[in-house]
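K.L.:
A single structure is presented below for examination.
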Amino acid sequence: MPKNSSRPGKKPSHKSRKIHLEIYQRLLSRFGPRDWWPAQAPFEVMVGAILTQNTSWRNVERAINNLRKAGALSPKKLSEIGLEKLEELIRPSGYFRQKAVRLKIFLEFYLAHPISGSIKKMKKIESGKMREMLLSVKGIGPETADSILLYALDKPVFVVDAYTRRIFSRLGLVPEKIGYEELRAFFETDLPKDAALYNDYHAQLVALGNQYCKKRALCKECPLLDFGKCKI
DNA sequence: GACCAGGCACATC
DNA sequence: GATGTGCATGGT
């Protein structure tokens, strides 16, 4: 099987599905529907997915606002803008030199055949194939690729991030050093292939992570504290 | 002032 | 294959 495109062929387990749905319901009743990246144009979501690499969303918003104010938040404008100007605009998101280059490389990919700058064309490409294509772009790793697939293209791909790993390993449901693909399969194997569910579930986990599951434990009032056996 | 945040590529062993 | 390192701003 090609690298990164496989889904381990584990049989779905009703028990784990039940655990997921119970966790999700609990988060949903605490945080309400997260409505993540709802009104944003898919292209903005893709830019945000790159800018948010290892960075708080607050800082990404500043960078995106700068791009918007400069009229640079379109594929054409963004590809025309100079590298130094782009660096200046996205500076608040951190790693600005790296990210400016990554955005430029991504734009080349996005504007060239077979996508030709069309979200519609991207959506038509089969999910696994699109994932492979995204992963072949320098600067796009698994989480960024999956964020684009799920939040920009509505593909049912579960996004795994640092919070996901921390939360589920602290709950004792997965090993602390579980790999990205393995953790993704932990969700995708046992849940229906439902982009809306994956979208909100992941957003709920980030909400939980932000408030109650930072590196330094913030467990007080965590809605999952009594769930399973949290190790903290 | 130290630590952390919605990663990734690359070097080294 | 696993582990370490550089990249950088802004909040706590």
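Within each chain, counting starts at residue 1; across the structure tokens, chains are named A, B, ... in the order shown, with ligands numbered 1 upward in that order.
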Sort by chain and increasing residue number a table of all residues of chain A within 9 Å of chain B, each with its closest pair of atoms and their distance in Å to one decimal, counting only C-alpha atoms (C1' of nucleotides), and write it as JSON lines.

P.N.:
```
{"residue": "A:Ala49", "atom": "CA", "partner": "B:DG6", "partner_atom": "C1'", "distance": 8.5}
{"residue": "A:Ile50", "atom": "CA", "partner": "B:DG7", "partner_atom": "C1'", "distance": 9.0}
{"residue": "A:Thr52", "atom": "CA", "partner": "B:DG6", "partner_atom": "C1'", "distance": 6.3}
{"residue": "A:Gln53", "atom": "CA", "partner": "B:DG7", "partner_atom": "C1'", "distance": 4.7}
{"residue": "A:Asn54", "atom": "CA", "partner": "B:DG7", "partner_atom": "C1'", "distance": 5.1}
{"residue": "A:Thr55", "atom": "CA", "partner": "B:DA5", "partner_atom": "C1'", "distance": 4.7}
{"residue": "A:Ser56", "atom": "CA", "partner": "B:DA5", "partner_atom": "C1'", "distance": 4.6}
{"residue": "A:Trp57", "atom": "CA", "partner": "B:DG6", "partner_atom": "C1'", "distance": 7.1}
{"residue": "A:Lys138", "atom": "CA", "partner": "B:DA9", "partner_atom": "C1'", "distance": 8.2}
{"residue": "A:Gly139", "atom": "CA", "partner": "B:DC8", "partner_atom": "C1'", "distance": 6.0}
{"residue": "A:Ile140", "atom": "CA", "partner": "B:DC8", "partner_atom": "C1'", "distance": 7.3}
{"residue": "A:Gly141", "atom": "CA", "partner": "B:DC8", "partner_atom": "C1'", "distance": 6.2}
{"residue": "A:Pro142", "atom": "CA", "partner": "B:DG7", "partner_atom": "C1'", "distance": 8.9}
{"residue": "A:Glu143", "atom": "CA", "partner": "B:DG7", "partner_atom": "C1'", "distance": 7.5}
{"residue": "A:Thr144", "atom": "CA", "partner": "B:DG7", "partner_atom": "C1'", "distance": 7.9}
{"residue": "A:Asp161", "atom": "CA", "partner": "B:DG6", "partner_atom": "C1'", "distance": 6.4}
{"residue": "A:Ala162", "atom": "CA", "partner": "B:DG6", "partner_atom": "C1'", "distance": 7.5}
{"residue": "A:Tyr163", "atom": "CA", "partner": "B:DG6", "partner_atom": "C1'", "distance": 7.9}
{"residue": "A:Val206", "atom": "CA", "partner": "B:DG6", "partner_atom": "C1'", "distance": 7.0}
{"residue": "A:Lys214", "atom": "CA", "partner": "B:DC4", "partner_atom": "C1'", "distance": 8.5}
{"residue": "A:Lys215", "atom": "CA", "partner": "B:DC4", "partner_atom": "C1'", "distance": 7.8}
```

K.L.:
Using only C-alpha atoms, please write the residues we just selected to a file, as a compact mmCIF listing (two decimals), in the first residue's frame.

P.N.:
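As written to disk, out_30.txt reads:
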```
# COMPACT_ATOMS: atom_id res chain seq x y z
CA ALA A 49 -4.07 25.27 8.23
CA ILE A 50 -0.50 26.13 7.24
CA THR A 52 -1.49 27.33 12.55
CA GLN A 53 1.35 24.81 12.53
CA ASN A 54 2.60 24.70 16.13
CA THR A 55 0.98 28.07 16.77
CA SER A 56 -1.98 29.37 18.76
CA TRP A 57 -5.01 30.28 16.70
CA LYS A 138 6.85 20.29 1.06
CA GLY A 139 5.60 21.90 4.25
CA ILE A 140 2.36 19.91 4.38
CA GLY A 141 2.52 17.14 6.94
CA PRO A 142 -0.21 14.75 8.11
CA GLU A 143 -2.07 17.16 10.36
CA THR A 144 -2.07 20.03 7.88
CA ASP A 161 -3.24 16.92 16.85
CA ALA A 162 -1.21 17.36 20.03
CA TYR A 163 -4.38 17.72 22.11
CA VAL A 206 -9.29 21.35 20.91
CA LYS A 214 -2.51 21.84 28.50
CA LYS A 215 0.94 20.33 28.96
```

K.L.:
Select residues of chain C: the criterion is any atom within 10 Å of an atom of chain A, counting only C-alpha atoms (C1' of nucleotides); output as a list in words.

P.N.:
DC7, DA8, DT9, DG10 and DG11 of chain C

K.L.:
Between atom CA of A:Asp35 and atom CA of A:Asn199, what is the distance in Å, rounded to a tenth?

P.N.:
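Answer for the atom CA of A:Asp35 to atom CA of A:Asn199 separation: 8.5 Å.
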
K.L.:
Nearest residue to A:Asp226 out of A:Ala196, A:Leu171, A:His113, A:Ile148, using only C-alpha atoms?

P.N.:
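That would be A:Leu171, the residue with the smallest distance to A:Asp226.
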
K.L.:
Between atom CA of A:Ala145 and atom CA of A:Arg26, measure the distance and give it in Å to one decimal.

P.N.:
27.8 Å

K.L.:
Residues near stretch 116-128 of chain A, anyone? I mean within 9 Å using only C-alpha atoms (C1' of nucleotides), not counting same-chain ones fewer than 5 positions away, as a ChimeraX atom specification.

P.N.:
/A:4-6,42-43,75-76,107,109-111,133,149,152-157

K.L.:
Just give me the gap between atom CA of A:Leu134 and atom CA of A:Thr164 in Å, one decimal is fine.

P.N.:
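Here the two named atoms are 21.6 Å from each other.
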
K.L.:
Neighbours of A:Glu176 within 9 Å (only C-alpha atoms (C1' of nucleotides); same-chain residues fewer than 5 positions away dropped), as a list in words?

P.N.:
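Near neighbours after the sequence-gap exclusion: Arg165, Arg166, Phe168, Ser169 and Arg170 of chain A.
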
K.L.:
Could you give me, as a tab-separated table (two decimals) with N, CA and C atoms, in the first residue's frame, each residue of stretch 29-179 of chain A that DSSP assigns to helix (DSSP H, G or I) when run on this structure's backbone?

P.N.:
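Result written to part02.tsv:
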```
chain	number	residue	atom	x	y	z
A	29	SER	N	-22.05	18.63	25.21
A	29	SER	CA	-22.94	19.27	26.18
A	29	SER	C	-22.19	20.31	27.02
A	30	ARG	N	-20.86	20.14	27.14
A	30	ARG	CA	-20.10	21.16	27.88
A	30	ARG	C	-19.83	22.41	27.02
A	31	PHE	N	-19.37	22.17	25.79
A	31	PHE	CA	-18.89	23.29	24.98
A	31	PHE	C	-19.90	23.78	23.93
A	42	PRO	N	-12.99	28.02	1.63
A	42	PRO	CA	-12.03	26.91	1.70
A	42	PRO	C	-10.58	27.34	1.53
A	43	PHE	N	-10.35	28.31	0.66
A	43	PHE	CA	-8.96	28.74	0.46
A	43	PHE	C	-8.38	29.36	1.73
A	44	GLU	N	-9.20	30.13	2.43
A	44	GLU	CA	-8.75	30.72	3.70
A	44	GLU	C	-8.44	29.63	4.73
A	45	VAL	N	-9.25	28.60	4.71
A	45	VAL	CA	-9.03	27.48	5.63
A	45	VAL	C	-7.68	26.84	5.35
A	46	MET	N	-7.35	26.70	4.08
A	46	MET	CA	-6.08	26.06	3.72
A	46	MET	C	-4.89	26.93	4.16
A	47	VAL	N	-5.03	28.23	3.96
A	47	VAL	CA	-3.98	29.15	4.43
A	47	VAL	C	-3.86	29.05	5.95
A	48	GLY	N	-5.00	29.06	6.64
A	48	GLY	CA	-5.00	28.95	8.09
A	48	GLY	C	-4.37	27.65	8.58
A	49	ALA	N	-4.60	26.58	7.83
A	49	ALA	CA	-4.07	25.27	8.23
A	49	ALA	C	-2.54	25.29	8.22
A	50	ILE	N	-1.96	26.02	7.29
A	50	ILE	CA	-0.50	26.13	7.24
A	50	ILE	C	0.00	27.08	8.34
A	51	LEU	N	-0.70	28.19	8.50
A	51	LEU	CA	-0.24	29.19	9.48
A	51	LEU	C	-0.35	28.68	10.92
A	57	TRP	N	-4.10	29.75	17.72
A	57	TRP	CA	-5.01	30.28	16.70
A	57	TRP	C	-5.10	31.80	16.78
A	58	ARG	N	-4.98	32.33	17.99
A	58	ARG	CA	-5.06	33.78	18.17
A	58	ARG	C	-4.03	34.49	17.29
A	59	ASN	N	-2.81	33.95	17.28
A	59	ASN	CA	-1.75	34.56	16.47
A	59	ASN	C	-2.00	34.37	14.97
A	60	VAL	N	-2.61	33.24	14.64
A	60	VAL	CA	-2.93	32.98	13.23
A	60	VAL	C	-3.97	33.98	12.74
A	61	GLU	N	-4.93	34.29	13.61
A	61	GLU	CA	-5.97	35.26	13.23
A	61	GLU	C	-5.37	36.62	12.89
A	62	ARG	N	-4.37	37.03	13.68
A	62	ARG	CA	-3.71	38.31	13.39
A	62	ARG	C	-3.11	38.27	11.98
A	63	ALA	N	-2.44	37.17	11.67
A	63	ALA	CA	-1.80	37.05	10.36
A	63	ALA	C	-2.84	37.06	9.25
A	64	ILE	N	-3.93	36.33	9.45
A	64	ILE	CA	-4.97	36.26	8.43
A	64	ILE	C	-5.62	37.64	8.24
A	65	ASN	N	-5.83	38.33	9.34
A	65	ASN	CA	-6.37	39.69	9.23
A	65	ASN	C	-5.44	40.60	8.44
A	66	ASN	N	-4.14	40.46	8.68
A	66	ASN	CA	-3.18	41.26	7.91
A	66	ASN	C	-3.30	40.95	6.42
A	67	LEU	N	-3.42	39.66	6.10
A	67	LEU	CA	-3.54	39.27	4.69
A	67	LEU	C	-4.81	39.85	4.09
A	68	ARG	N	-5.88	39.78	4.87
A	68	ARG	CA	-7.17	40.28	4.38
A	68	ARG	C	-7.10	41.79	4.12
A	69	LYS	N	-6.57	42.51	5.11
A	69	LYS	CA	-6.45	43.97	4.98
A	69	LYS	C	-5.61	44.35	3.77
A	75	PRO	N	-5.92	33.29	-3.97
A	75	PRO	CA	-4.80	32.55	-4.55
A	75	PRO	C	-3.96	33.42	-5.49
A	76	LYS	N	-4.64	34.19	-6.30
A	76	LYS	CA	-3.92	34.98	-7.30
A	76	LYS	C	-3.03	36.03	-6.61
A	77	LYS	N	-3.67	36.80	-5.70
A	77	LYS	CA	-2.93	37.87	-5.01
A	77	LYS	C	-1.78	37.30	-4.18
A	78	LEU	N	-2.07	36.20	-3.53
A	78	LEU	CA	-1.07	35.60	-2.66
A	78	LEU	C	0.13	35.08	-3.45
A	79	SER	N	-0.14	34.63	-4.67
A	79	SER	CA	0.98	34.14	-5.47
A	79	SER	C	1.76	35.29	-6.10
A	80	GLU	N	1.09	36.42	-6.23
A	80	GLU	CA	1.78	37.57	-6.83
A	80	GLU	C	2.64	38.34	-5.82
A	83	LEU	N	7.89	37.65	-1.50
A	83	LEU	CA	8.14	36.81	-0.32
A	83	LEU	C	8.33	37.65	0.94
A	84	GLU	N	9.07	38.74	0.80
A	84	GLU	CA	9.34	39.58	1.98
A	84	GLU	C	8.08	40.24	2.50
A	85	LYS	N	7.23	40.68	1.58
A	85	LYS	CA	5.96	41.29	1.98
A	85	LYS	C	5.08	40.26	2.68
A	86	LEU	N	5.09	39.05	2.13
A	86	LEU	CA	4.30	37.97	2.73
A	86	LEU	C	4.80	37.66	4.14
A	87	GLU	N	6.11	37.61	4.29
A	87	GLU	CA	6.70	37.38	5.62
A	87	GLU	C	6.22	38.43	6.61
A	88	GLU	N	6.23	39.66	6.17
A	88	GLU	CA	5.83	40.78	7.04
A	88	GLU	C	4.37	40.62	7.48
A	89	LEU	N	3.51	40.25	6.53
A	89	LEU	CA	2.08	40.14	6.84
A	89	LEU	C	1.77	38.98	7.79
A	90	ILE	N	2.51	37.90	7.64
A	90	ILE	CA	2.19	36.72	8.47
A	90	ILE	C	3.08	36.63	9.72
A	91	ARG	N	3.89	37.63	9.94
A	91	ARG	CA	4.82	37.62	11.08
A	91	ARG	C	4.17	37.22	12.42
A	92	PRO	N	2.97	37.72	12.74
A	92	PRO	CA	2.40	37.37	14.05
A	92	PRO	C	2.16	35.88	14.25
A	93	SER	N	2.10	35.11	13.17
A	93	SER	CA	1.82	33.67	13.35
A	93	SER	C	3.08	32.87	13.68
A	96	PHE	N	7.66	32.82	10.63
A	96	PHE	CA	7.10	33.49	9.45
A	96	PHE	C	7.90	33.26	8.18
A	97	ARG	N	9.22	33.08	8.32
A	97	ARG	CA	10.02	32.84	7.10
A	97	ARG	C	9.67	31.49	6.50
A	98	GLN	N	9.66	30.49	7.37
A	98	GLN	CA	9.29	29.13	6.94
A	98	GLN	C	7.90	29.10	6.34
A	99	LYS	N	6.97	29.72	7.05
A	99	LYS	CA	5.57	29.64	6.61
A	99	LYS	C	5.33	30.41	5.32
A	100	ALA	N	6.06	31.50	5.12
A	100	ALA	CA	5.91	32.24	3.86
A	100	ALA	C	6.33	31.34	2.70
A	101	VAL	N	7.44	30.64	2.87
A	101	VAL	CA	7.92	29.73	1.82
A	101	VAL	C	6.90	28.61	1.62
A	102	ARG	N	6.39	28.07	2.74
A	102	ARG	CA	5.41	26.98	2.64
A	102	ARG	C	4.16	27.43	1.91
A	103	LEU	N	3.71	28.65	2.18
A	103	LEU	CA	2.52	29.15	1.48
A	103	LEU	C	2.78	29.26	-0.02
A	104	LYS	N	3.96	29.75	-0.37
A	104	LYS	CA	4.30	29.90	-1.78
A	104	LYS	C	4.34	28.53	-2.48
A	105	ILE	N	4.95	27.55	-1.81
A	105	ILE	CA	5.03	26.21	-2.39
A	105	ILE	C	3.62	25.62	-2.53
A	106	PHE	N	2.81	25.83	-1.50
A	106	PHE	CA	1.44	25.31	-1.56
A	106	PHE	C	0.67	25.97	-2.72
A	107	LEU	N	0.87	27.27	-2.92
A	107	LEU	CA	0.18	27.97	-4.00
A	107	LEU	C	0.54	27.41	-5.36
A	108	GLU	N	1.83	27.10	-5.53
A	108	GLU	CA	2.25	26.49	-6.80
A	108	GLU	C	1.47	25.21	-7.05
A	109	PHE	N	1.36	24.41	-6.00
A	109	PHE	CA	0.61	23.14	-6.07
A	109	PHE	C	-0.86	23.42	-6.39
A	110	TYR	N	-1.41	24.38	-5.68
A	110	TYR	CA	-2.84	24.67	-5.79
A	110	TYR	C	-3.22	25.23	-7.17
A	111	LEU	N	-2.34	26.03	-7.72
A	111	LEU	CA	-2.68	26.70	-8.99
A	111	LEU	C	-2.33	25.85	-10.21
A	119	ILE	N	-11.40	24.65	-6.08
A	119	ILE	CA	-11.81	23.82	-4.93
A	119	ILE	C	-12.69	22.68	-5.42
A	120	LYS	N	-13.51	22.98	-6.41
A	120	LYS	CA	-14.41	21.95	-6.96
A	120	LYS	C	-13.60	20.76	-7.48
A	121	LYS	N	-12.50	21.05	-8.18
A	121	LYS	CA	-11.65	19.97	-8.69
A	121	LYS	C	-11.02	19.20	-7.54
A	122	MET	N	-10.60	19.93	-6.52
A	122	MET	CA	-9.99	19.26	-5.36
A	122	MET	C	-10.99	18.32	-4.70
A	123	LYS	N	-12.22	18.78	-4.58
A	123	LYS	CA	-13.25	17.97	-3.92
A	123	LYS	C	-13.56	16.71	-4.70
A	124	LYS	N	-13.40	16.80	-6.01
A	124	LYS	CA	-13.72	15.64	-6.86
A	124	LYS	C	-12.69	14.53	-6.74
A	127	SER	N	-10.51	10.93	-1.73
A	127	SER	CA	-9.89	11.38	-0.48
A	127	SER	C	-8.46	10.88	-0.25
A	128	GLY	N	-8.24	9.57	-0.44
A	128	GLY	CA	-6.91	8.99	-0.23
A	128	GLY	C	-5.90	9.55	-1.21
A	129	LYS	N	-6.35	9.72	-2.45
A	129	LYS	CA	-5.48	10.26	-3.49
A	129	LYS	C	-5.13	11.72	-3.18
A	130	MET	N	-6.14	12.48	-2.76
A	130	MET	CA	-5.93	13.90	-2.43
A	130	MET	C	-4.96	14.02	-1.26
A	131	ARG	N	-5.10	13.10	-0.31
A	131	ARG	CA	-4.22	13.11	0.86
A	131	ARG	C	-2.76	12.88	0.43
A	132	GLU	N	-2.57	11.89	-0.45
A	132	GLU	CA	-1.22	11.62	-0.97
A	132	GLU	C	-0.65	12.85	-1.66
A	133	MET	N	-1.50	13.49	-2.47
A	133	MET	CA	-1.04	14.67	-3.20
A	133	MET	C	-0.63	15.78	-2.24
A	134	LEU	N	-1.45	16.01	-1.23
A	134	LEU	CA	-1.13	17.07	-0.26
A	134	LEU	C	0.16	16.75	0.48
A	135	LEU	N	0.33	15.47	0.86
A	135	LEU	CA	1.52	15.09	1.62
A	135	LEU	C	2.80	15.19	0.78
A	142	PRO	N	1.07	15.44	7.93
A	142	PRO	CA	-0.21	14.75	8.11
A	142	PRO	C	-1.32	15.62	8.71
A	143	GLU	N	-1.00	16.39	9.73
A	143	GLU	CA	-2.07	17.16	10.36
A	143	GLU	C	-2.58	18.28	9.45
A	144	THR	N	-1.66	18.96	8.78
A	144	THR	CA	-2.07	20.03	7.88
A	144	THR	C	-2.88	19.45	6.71
A	145	ALA	N	-2.42	18.33	6.17
A	145	ALA	CA	-3.15	17.69	5.07
A	145	ALA	C	-4.56	17.32	5.51
A	146	ASP	N	-4.66	16.72	6.69
A	146	ASP	CA	-5.97	16.27	7.15
A	146	ASP	C	-6.88	17.44	7.51
A	147	SER	N	-6.31	18.53	8.03
A	147	SER	CA	-7.11	19.73	8.29
A	147	SER	C	-7.70	20.27	7.00
A	148	ILE	N	-6.89	20.25	5.94
A	148	ILE	CA	-7.36	20.73	4.65
A	148	ILE	C	-8.46	19.80	4.12
A	149	LEU	N	-8.21	18.50	4.22
A	149	LEU	CA	-9.20	17.53	3.72
A	149	LEU	C	-10.53	17.68	4.45
A	150	LEU	N	-10.47	17.80	5.76
A	150	LEU	CA	-11.70	17.85	6.55
A	150	LEU	C	-12.35	19.23	6.52
A	151	TYR	N	-11.57	20.26	6.84
A	151	TYR	CA	-12.19	21.57	7.07
A	151	TYR	C	-12.35	22.41	5.80
A	152	ALA	N	-11.57	22.10	4.77
A	152	ALA	CA	-11.74	22.86	3.53
A	152	ALA	C	-12.50	22.05	2.48
A	162	ALA	N	-1.87	17.57	18.73
A	162	ALA	CA	-1.21	17.36	20.03
A	162	ALA	C	-2.25	17.15	21.13
A	163	TYR	N	-3.35	17.88	21.08
A	163	TYR	CA	-4.38	17.72	22.11
A	163	TYR	C	-5.02	16.34	22.05
A	164	THR	N	-5.30	15.88	20.84
A	164	THR	CA	-5.92	14.57	20.67
A	164	THR	C	-5.06	13.50	21.34
A	165	ARG	N	-3.76	13.56	21.04
A	165	ARG	CA	-2.84	12.56	21.59
A	165	ARG	C	-2.79	12.67	23.11
A	166	ARG	N	-2.68	13.90	23.61
A	166	ARG	CA	-2.55	14.10	25.05
A	166	ARG	C	-3.80	13.64	25.78
A	167	ILE	N	-4.95	14.05	25.28
A	167	ILE	CA	-6.22	13.73	25.95
A	167	ILE	C	-6.42	12.23	26.01
A	168	PHE	N	-6.26	11.54	24.88
A	168	PHE	CA	-6.58	10.11	24.85
A	168	PHE	C	-5.51	9.26	25.53
A	169	SER	N	-4.27	9.76	25.55
A	169	SER	CA	-3.26	8.99	26.29
A	169	SER	C	-3.44	9.20	27.79
A	170	ARG	N	-3.82	10.41	28.19
A	170	ARG	CA	-4.07	10.64	29.62
A	170	ARG	C	-5.27	9.82	30.10
```
